[in-house]
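Source file: target.tsv (TSV, C-alpha atoms and all ligand atoms)
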chain	number	residue	atom	x	y	z
A	294	MET	CA	108.05	136.37	80.03
A	295	LYS	CA	104.44	136.97	79.17
A	296	ASP	CA	102.33	134.13	77.81
A	297	LEU	CA	101.57	134.81	74.14
A	298	GLY	CA	98.07	133.39	74.05
A	299	ILE	CA	99.07	130.48	71.78
A	300	SER	CA	97.01	127.70	73.28
A	301	ALA	CA	99.29	124.83	72.14
A	302	LEU	CA	102.28	126.55	73.73
A	303	ASP	CA	100.41	127.49	76.91
A	304	LYS	CA	99.20	123.95	77.32
A	305	LEU	CA	102.75	122.55	77.21
A	306	ILE	CA	103.96	125.27	79.61
A	307	ASP	CA	101.13	124.40	82.02
A	308	GLN	CA	102.12	120.72	81.92
A	309	LEU	CA	105.85	121.33	82.35
A	310	ALA	CA	105.24	123.78	85.21
A	311	GLN	CA	103.69	120.92	87.21
A	312	LEU	CA	107.00	119.03	87.26
A	313	PRO	CA	108.92	119.18	90.55
A	314	GLY	CA	111.50	121.95	90.65
A	315	ILE	CA	110.21	123.58	87.46
A	316	GLY	CA	108.82	127.09	87.88
A	317	ARG	CA	106.77	128.90	85.25
A	318	LYS	CA	109.83	130.66	83.79
A	319	THR	CA	111.75	127.42	83.32
A	320	ALA	CA	108.62	125.80	81.88
A	321	GLN	CA	108.43	128.60	79.30
A	322	ARG	CA	112.09	128.12	78.35
A	323	LEU	CA	111.68	124.35	78.02
A	324	ALA	CA	108.54	124.73	75.92
A	325	LEU	CA	110.27	127.21	73.59
A	326	PHE	CA	113.26	124.86	73.31
A	327	ILE	CA	110.93	122.03	72.28
A	328	LEU	CA	109.13	124.36	69.85
A	329	LYS	CA	112.42	125.25	68.15
A	330	SER	CA	113.83	121.70	68.17
A	331	ASP	CA	113.31	119.39	65.21
A	332	THR	CA	110.20	117.24	64.98
A	333	GLN	CA	112.19	114.05	65.63
A	334	PHE	CA	113.38	115.31	69.02
A	335	ALA	CA	109.87	116.36	70.04
A	336	SER	CA	108.35	113.05	69.01
A	337	ASP	CA	111.15	111.03	70.71
A	338	LEU	CA	110.53	112.99	73.91
A	339	ALA	CA	106.77	112.44	73.74
A	340	ASN	CA	107.25	108.73	72.99
A	341	ALA	CA	109.75	108.29	75.84
A	342	ILE	CA	107.17	109.68	78.29
A	343	ILE	CA	104.35	107.48	76.96
A	344	ASN	CA	106.63	104.43	76.84
A	345	LEU	CA	107.62	104.99	80.48
A	346	LYS	CA	103.99	105.08	81.56
A	347	GLN	CA	102.81	102.17	79.42
A	348	ASN	CA	105.69	99.75	79.86
A	349	THR	CA	106.62	100.05	83.51
A	350	HIS	CA	104.87	99.12	86.73
A	351	LEU	CA	105.85	98.27	90.27
A	352	CYS	CA	107.86	95.11	90.98
A	353	LYS	CA	105.59	92.45	92.47
A	354	ARG	CA	108.16	91.62	95.11
A	355	CYS	CA	109.82	94.89	96.18
A	356	PHE	CA	107.72	97.70	94.59
A	357	ASN	CA	110.70	99.17	92.76
A	358	ILE	CA	110.07	100.20	89.15
A	359	ALA	CA	109.98	97.20	86.79
A	360	GLU	CA	109.43	96.30	83.15
A	361	ASP	CA	108.63	92.66	83.93
A	362	ASP	CA	106.94	91.05	86.95
A	363	LEU	CA	110.17	91.47	88.88
A	364	CYS	CA	112.50	94.47	88.74
A	365	ALA	CA	116.06	94.23	87.43
A	366	ILE	CA	117.44	93.99	90.99
A	367	CYS	CA	115.07	91.22	92.16
A	368	SER	CA	115.79	89.17	89.05
A	369	ASP	CA	119.57	89.55	89.30
A	370	PRO	CA	120.96	86.26	90.74
A	371	THR	CA	124.25	87.92	91.70
A	372	ARG	CA	122.50	90.11	94.31
A	373	ASP	CA	122.65	88.97	97.93
A	374	GLN	CA	119.24	87.32	98.37
A	375	HIS	CA	119.47	87.39	102.18
A	376	LYS	CA	119.42	91.16	102.71
A	377	ILE	CA	116.59	93.62	102.27
A	378	CYS	CA	117.15	97.37	102.29
A	379	VAL	CA	113.90	99.15	103.18
A	380	VAL	CA	113.46	102.60	101.61
A	381	GLU	CA	110.67	105.16	101.32
A	382	ASP	CA	110.71	105.70	97.61
A	383	ILE	CA	112.13	104.51	94.28
A	384	VAL	CA	114.38	107.59	94.21
A	385	ASP	CA	116.14	106.20	97.32
A	386	VAL	CA	116.87	102.94	95.47
A	387	MET	CA	118.50	105.02	92.74
A	388	ALA	CA	120.55	107.02	95.28
A	389	ILE	CA	121.80	103.88	97.07
A	390	GLU	CA	122.52	101.98	93.83
A	391	GLU	CA	124.68	104.87	92.68
A	392	THR	CA	127.01	104.37	95.65
A	393	HIS	CA	127.81	100.71	94.74
A	394	THR	CA	128.06	99.91	98.46
A	395	TYR	CA	125.02	97.65	98.76
A	396	SER	CA	124.45	94.40	96.89
A	397	GLY	CA	121.28	93.01	98.48
A	398	LEU	CA	117.60	93.41	97.62
A	399	TYR	CA	115.23	96.30	98.32
A	400	HIS	CA	111.74	96.92	99.58
A	401	VAL	CA	110.06	100.22	98.69
A	402	LEU	CA	107.50	101.31	101.30
A	403	GLY	CA	105.89	104.04	99.22
A	404	GLY	CA	106.21	106.65	101.99
A	405	VAL	CA	106.50	106.88	105.77
A	406	ILE	CA	103.95	106.67	108.56
A	407	SER	CA	102.61	110.18	109.13
A	408	PRO	CA	99.52	110.73	111.29
A	409	LEU	CA	99.59	114.43	110.35
A	410	ALA	CA	99.49	113.70	106.62
A	411	GLY	CA	96.99	110.88	107.20
A	412	VAL	CA	99.40	108.09	106.18
A	413	SER	CA	98.84	104.97	108.27
A	414	PRO	CA	100.94	101.75	108.21
A	415	ASP	CA	98.33	99.89	106.14
A	416	GLN	CA	98.76	102.41	103.30
A	417	LEU	CA	102.43	101.44	102.98
A	418	HIS	CA	103.95	98.14	101.79
A	419	ILE	CA	104.73	97.02	105.35
A	420	GLN	CA	102.64	93.84	105.39
A	421	GLU	CA	104.37	92.75	102.18
A	422	LEU	CA	107.73	93.32	103.89
A	423	ILE	CA	106.72	91.16	106.85
A	424	ARG	CA	105.60	88.44	104.44
A	425	ARG	CA	108.94	88.56	102.65
A	426	VAL	CA	110.82	88.19	105.94
A	427	GLN	CA	108.61	85.18	106.75
A	428	GLU	CA	108.83	83.52	103.36
A	429	GLU	CA	112.26	84.43	102.00
A	430	ASP	CA	115.55	83.41	103.58
A	431	ILE	CA	116.37	86.89	104.93
A	432	ASP	CA	119.06	87.44	107.56
A	433	GLU	CA	119.24	91.25	107.59
A	434	VAL	CA	116.75	94.07	107.12
A	435	LEU	CA	118.44	97.47	106.71
A	436	LEU	CA	116.02	100.30	107.45
A	437	ALA	CA	117.42	103.03	105.17
A	438	ILE	CA	114.63	105.49	105.88
A	439	ASN	CA	115.23	109.24	105.65
A	440	PRO	CA	115.88	110.76	109.09
A	441	SER	CA	112.79	112.66	110.23
A	442	THR	CA	110.15	112.34	112.94
A	443	GLU	CA	107.97	110.32	110.56
A	444	GLY	CA	110.98	108.22	109.51
A	445	GLU	CA	111.73	107.47	113.15
A	446	THR	CA	108.09	106.45	113.79
A	447	THR	CA	108.27	104.17	110.76
A	448	ILE	CA	111.55	102.57	111.89
A	449	ILE	CA	110.10	101.90	115.36
A	450	TYR	CA	106.87	100.47	113.90
A	451	ILE	CA	108.65	98.15	111.47
A	452	SER	CA	111.16	96.95	114.05
A	453	GLU	CA	108.25	96.10	116.40
A	454	GLN	CA	106.57	94.14	113.60
A	455	LEU	CA	109.75	92.24	112.76
A	456	LYS	CA	110.68	91.50	116.37
A	457	PRO	CA	109.24	87.96	116.36
A	458	PHE	CA	111.45	86.92	113.44
A	459	ASN	CA	115.03	85.78	113.55
A	460	VAL	CA	116.39	88.62	111.46
A	461	LYS	CA	119.06	91.23	112.15
A	462	LEU	CA	117.68	94.78	112.01
A	463	THR	CA	120.03	97.60	111.08
A	464	ARG	CA	119.71	101.30	110.31
A	465	LEU	CA	121.91	103.83	108.55
A	466	ALA	CA	124.80	105.13	110.66
A	467	SER	CA	124.13	108.46	112.31
A	468	GLY	CA	125.74	111.39	110.55
A	469	ILE	CA	122.94	111.98	108.10
A	470	PRO	CA	121.36	115.29	109.13
A	471	ILE	CA	117.78	115.13	110.43
A	472	GLY	CA	115.32	116.20	107.76
A	473	SER	CA	117.64	115.40	104.85
A	474	HIS	CA	116.71	113.05	102.03
A	475	LEU	CA	119.00	110.41	100.58
A	476	GLU	CA	118.38	111.68	97.06
A	477	TYR	CA	120.04	115.02	97.90
A	478	LEU	CA	123.07	113.61	99.73
A	479	ASP	CA	126.38	112.92	98.04
A	480	MET	CA	127.34	109.33	97.25
A	481	ALA	CA	130.20	109.23	99.77
A	482	THR	CA	127.89	110.20	102.66
A	483	ILE	CA	125.30	107.57	101.74
A	484	GLY	CA	128.02	104.96	101.16
A	485	ARG	CA	129.53	105.61	104.59
A	486	ALA	CA	126.11	105.48	106.28
A	487	ILE	CA	125.45	102.08	104.67
A	488	GLN	CA	128.87	100.59	105.35
A	489	SER	CA	128.86	101.59	109.02
A	490	ARG	CA	125.18	100.79	109.57
A	491	GLN	CA	124.20	100.07	113.15
A	492	GLU	CA	122.27	97.19	114.59
A	493	LEU	CA	118.95	98.07	116.19
A	494	LYS	CA	118.63	96.68	119.68
A	495	LYS	CA	115.55	94.55	120.05
A	496	GLY	CA	113.93	96.11	123.11
A	501	ZN	ZN	112.00	94.10	92.80
Once more with this new file: its structure as structure tokens, please.
Ligand SMILES: [Zn+2]
Amino acid sequence: MKDLGISALDKLIDQLAQLPGIGRKTAQRLALFILKSDTQFASDLANAIINLKQNTHLCKRCFNIAEDDLCAICSDPTRDQHKICVVEDIVDVMAIEETHTYSGLYHVLGGVISPLAGVSPDQLHIQELIRRVQEEDIDEVLLAINPSTEGETTIIYISEQLKPFNVKLTRLASGIPIGSHLEYLDMATIGRAIQSRQELKKG
């Protein structure tokens, strides 16, 4: 489809095309759908996006998405307050929550250690994790980090940092293919990897 030189339309297409997984063609289709939809739909969509940006931030405790100081998981008293599941990203929290196999708390690192991409441990929420293990009554830290070279480096680094503390360290059971991301795996696979998680030997 050729752009029609309508600047309002082109502008929306340009914005939509920046979304992950959306190519220019799909962006054009979405923009035309919005153009043809009623004004209420378009304004609800625009408001939902603005509302998301204005009324959410990162949880002060675990760095998950939150509307208040603490996220819905941190402020839920029925969650197991003695377990922390460490993940790379908020999308991993969503993937694990969907399986209903984990009832503890989370800690979102915001990425993995990657010397190649210039990501060092101090750019991630690792110090905050160590503080939580020191200050909260934690008996298990599950390192649910996506299997990759960087993920492995991150697991080794965190387990070294947590060695001095009396806390059980576990990782997802093997069986998750190297290079795969939790968000793309089916619920049963993630659920199994959590339920049969393995203890990390403190070397
Ligand atoms: Zn939280």
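Counting all atoms listed in the file, the residue from A:Leu422, A:Ile438, A:Ile315, A:Leu455 that sits nearest to Gly472 in chain A is A:Ile438.
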key: Between CA of Leu462 in chain A and CA of Leu493 in chain A, distance in Å (one decimal)   = 5.5 Å
Do you have, as a Markdown table, the list of residues of range 321-346 of chain A lying at most 12 Å from range 358-371 of chain A, each with its nearest atom pair and that distance in Å to one decimal, counting all atoms listed in the file and ordered by chain then number?
| residue | atom | partner | partner_atom | distance |
| --- | --- | --- | --- | --- |
| A:Asn344 | CA | A:Glu360 | CA | 10.7 |
| A:Leu345 | CA | A:Glu360 | CA | 9.3 |
| A:Lys346 | CA | A:Glu360 | CA | 10.5 |
key: Separation of CA of Glu453 in chain A from CA of Ala466 in chain A, in Å and rounded to one decimal   =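 Computed distance, CA of Glu453 in chain A to CA of Ala466 in chain A, equals 19.7 Å.
When CA of Asp432 in chain A is paired with CA of Asp373 in chain A, their separation reads 10.4 Å.
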request  = Would you be able to write out as a list of chain:residue names which residues have an atom within 7 Å of (117.1, 88.4, 111.9) in the file's coordinates, counting all atoms listed in the file?
outcome  = A:Asp432, A:Glu433, A:Phe458, A:Asn459, A:Val460, A:Lys461, A:Leu462
query = Pick the closest to Arg490 in chain A from A:Asp415, A:Val401, A:Thr394, A:Ile423: which is it, counting all atoms listed in the file?
reply =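 Once distances to Arg490 in chain A are computed over all atoms listed in the file, the minimum belongs to A:Thr394.
The closest residue to ligand ZN 501 (chain A), picked from A:Leu465, A:Ala481, A:Ala388, A:Cys355 and counting only C-alpha atoms and all ligand atoms, is A:Cys355.
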request  = Identify which of the residues A:Thr446, A:Gln427, A:Thr392, A:Gln374 lies closest to Ala486 in chain A, counting all atoms listed in the file when measuring atom-to-atom distances.
outcome  = A:Thr392
request  = Find the spatial neighbours of His400 in chain A, counting only C-alpha atoms, within a cut-off of 8 Å - ignore same-chain residues fewer than 5 positions away - and output them as a VMD selection string.
outcome  = chain A and resid 354 to 357 377 to 380 422
inquiry  = Here is a test: counting all atoms listed in the file, which residue of A:Pro470, A:Gly316, A:Gly484, A:Pro408 is nearest to Tyr395 in chain A?
reply    = A:Gly484
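Nearest to ligand ZN 501 (chain A) of all the residues A:Gly397, A:Pro414, A:Pro440, A:Gly404 is A:Gly397, counting only C-alpha atoms and all ligand atoms.
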ask   = His474 in chain A: which residues within 12 Å, counting all atoms listed in the file, same-chain residues fewer than 5 positions away excluded, as a VMD selection string?
value = chain A and resid 380 to 382 384 to 385 388 to 389 437 to 441 444 469 479 482 to 483
message = Need to verify the contact set: Ala335 in chain A, 12 Å, all atoms listed in the file, exclusion of same-chain residues closer than 5 positions in sequence. Can you return it as JSON, numbers by chain?
response = {"A": [305, 323, 324, 325, 326, 327, 328, 329, 330, 340, 341, 342]}
For the residues in the current selection, export C-alpha atoms as an mmCIF file, in the coordinates of the input.
data_model
loop_
_atom_site.group_PDB
_atom_site.id
_atom_site.type_symbol
_atom_site.label_atom_id
_atom_site.label_comp_id
_atom_site.auth_asym_id
_atom_site.auth_seq_id
_atom_site.Cartn_x
_atom_site.Cartn_y
_atom_site.Cartn_z
ATOM 1 C CA LEU A 305 102.750 122.550 77.210
ATOM 2 C CA LEU A 323 111.680 124.350 78.020
ATOM 3 C CA ALA A 324 108.540 124.730 75.920
ATOM 4 C CA LEU A 325 110.270 127.210 73.590
ATOM 5 C CA PHE A 326 113.260 124.860 73.310
ATOM 6 C CA ILE A 327 110.930 122.030 72.280
ATOM 7 C CA LEU A 328 109.130 124.360 69.850
ATOM 8 C CA LYS A 329 112.420 125.250 68.150
ATOM 9 C CA SER A 330 113.830 121.700 68.170
ATOM 10 C CA ASN A 340 107.250 108.730 72.990
ATOM 11 C CA ALA A 341 109.750 108.290 75.840
ATOM 12 C CA ILE A 342 107.170 109.680 78.290
#
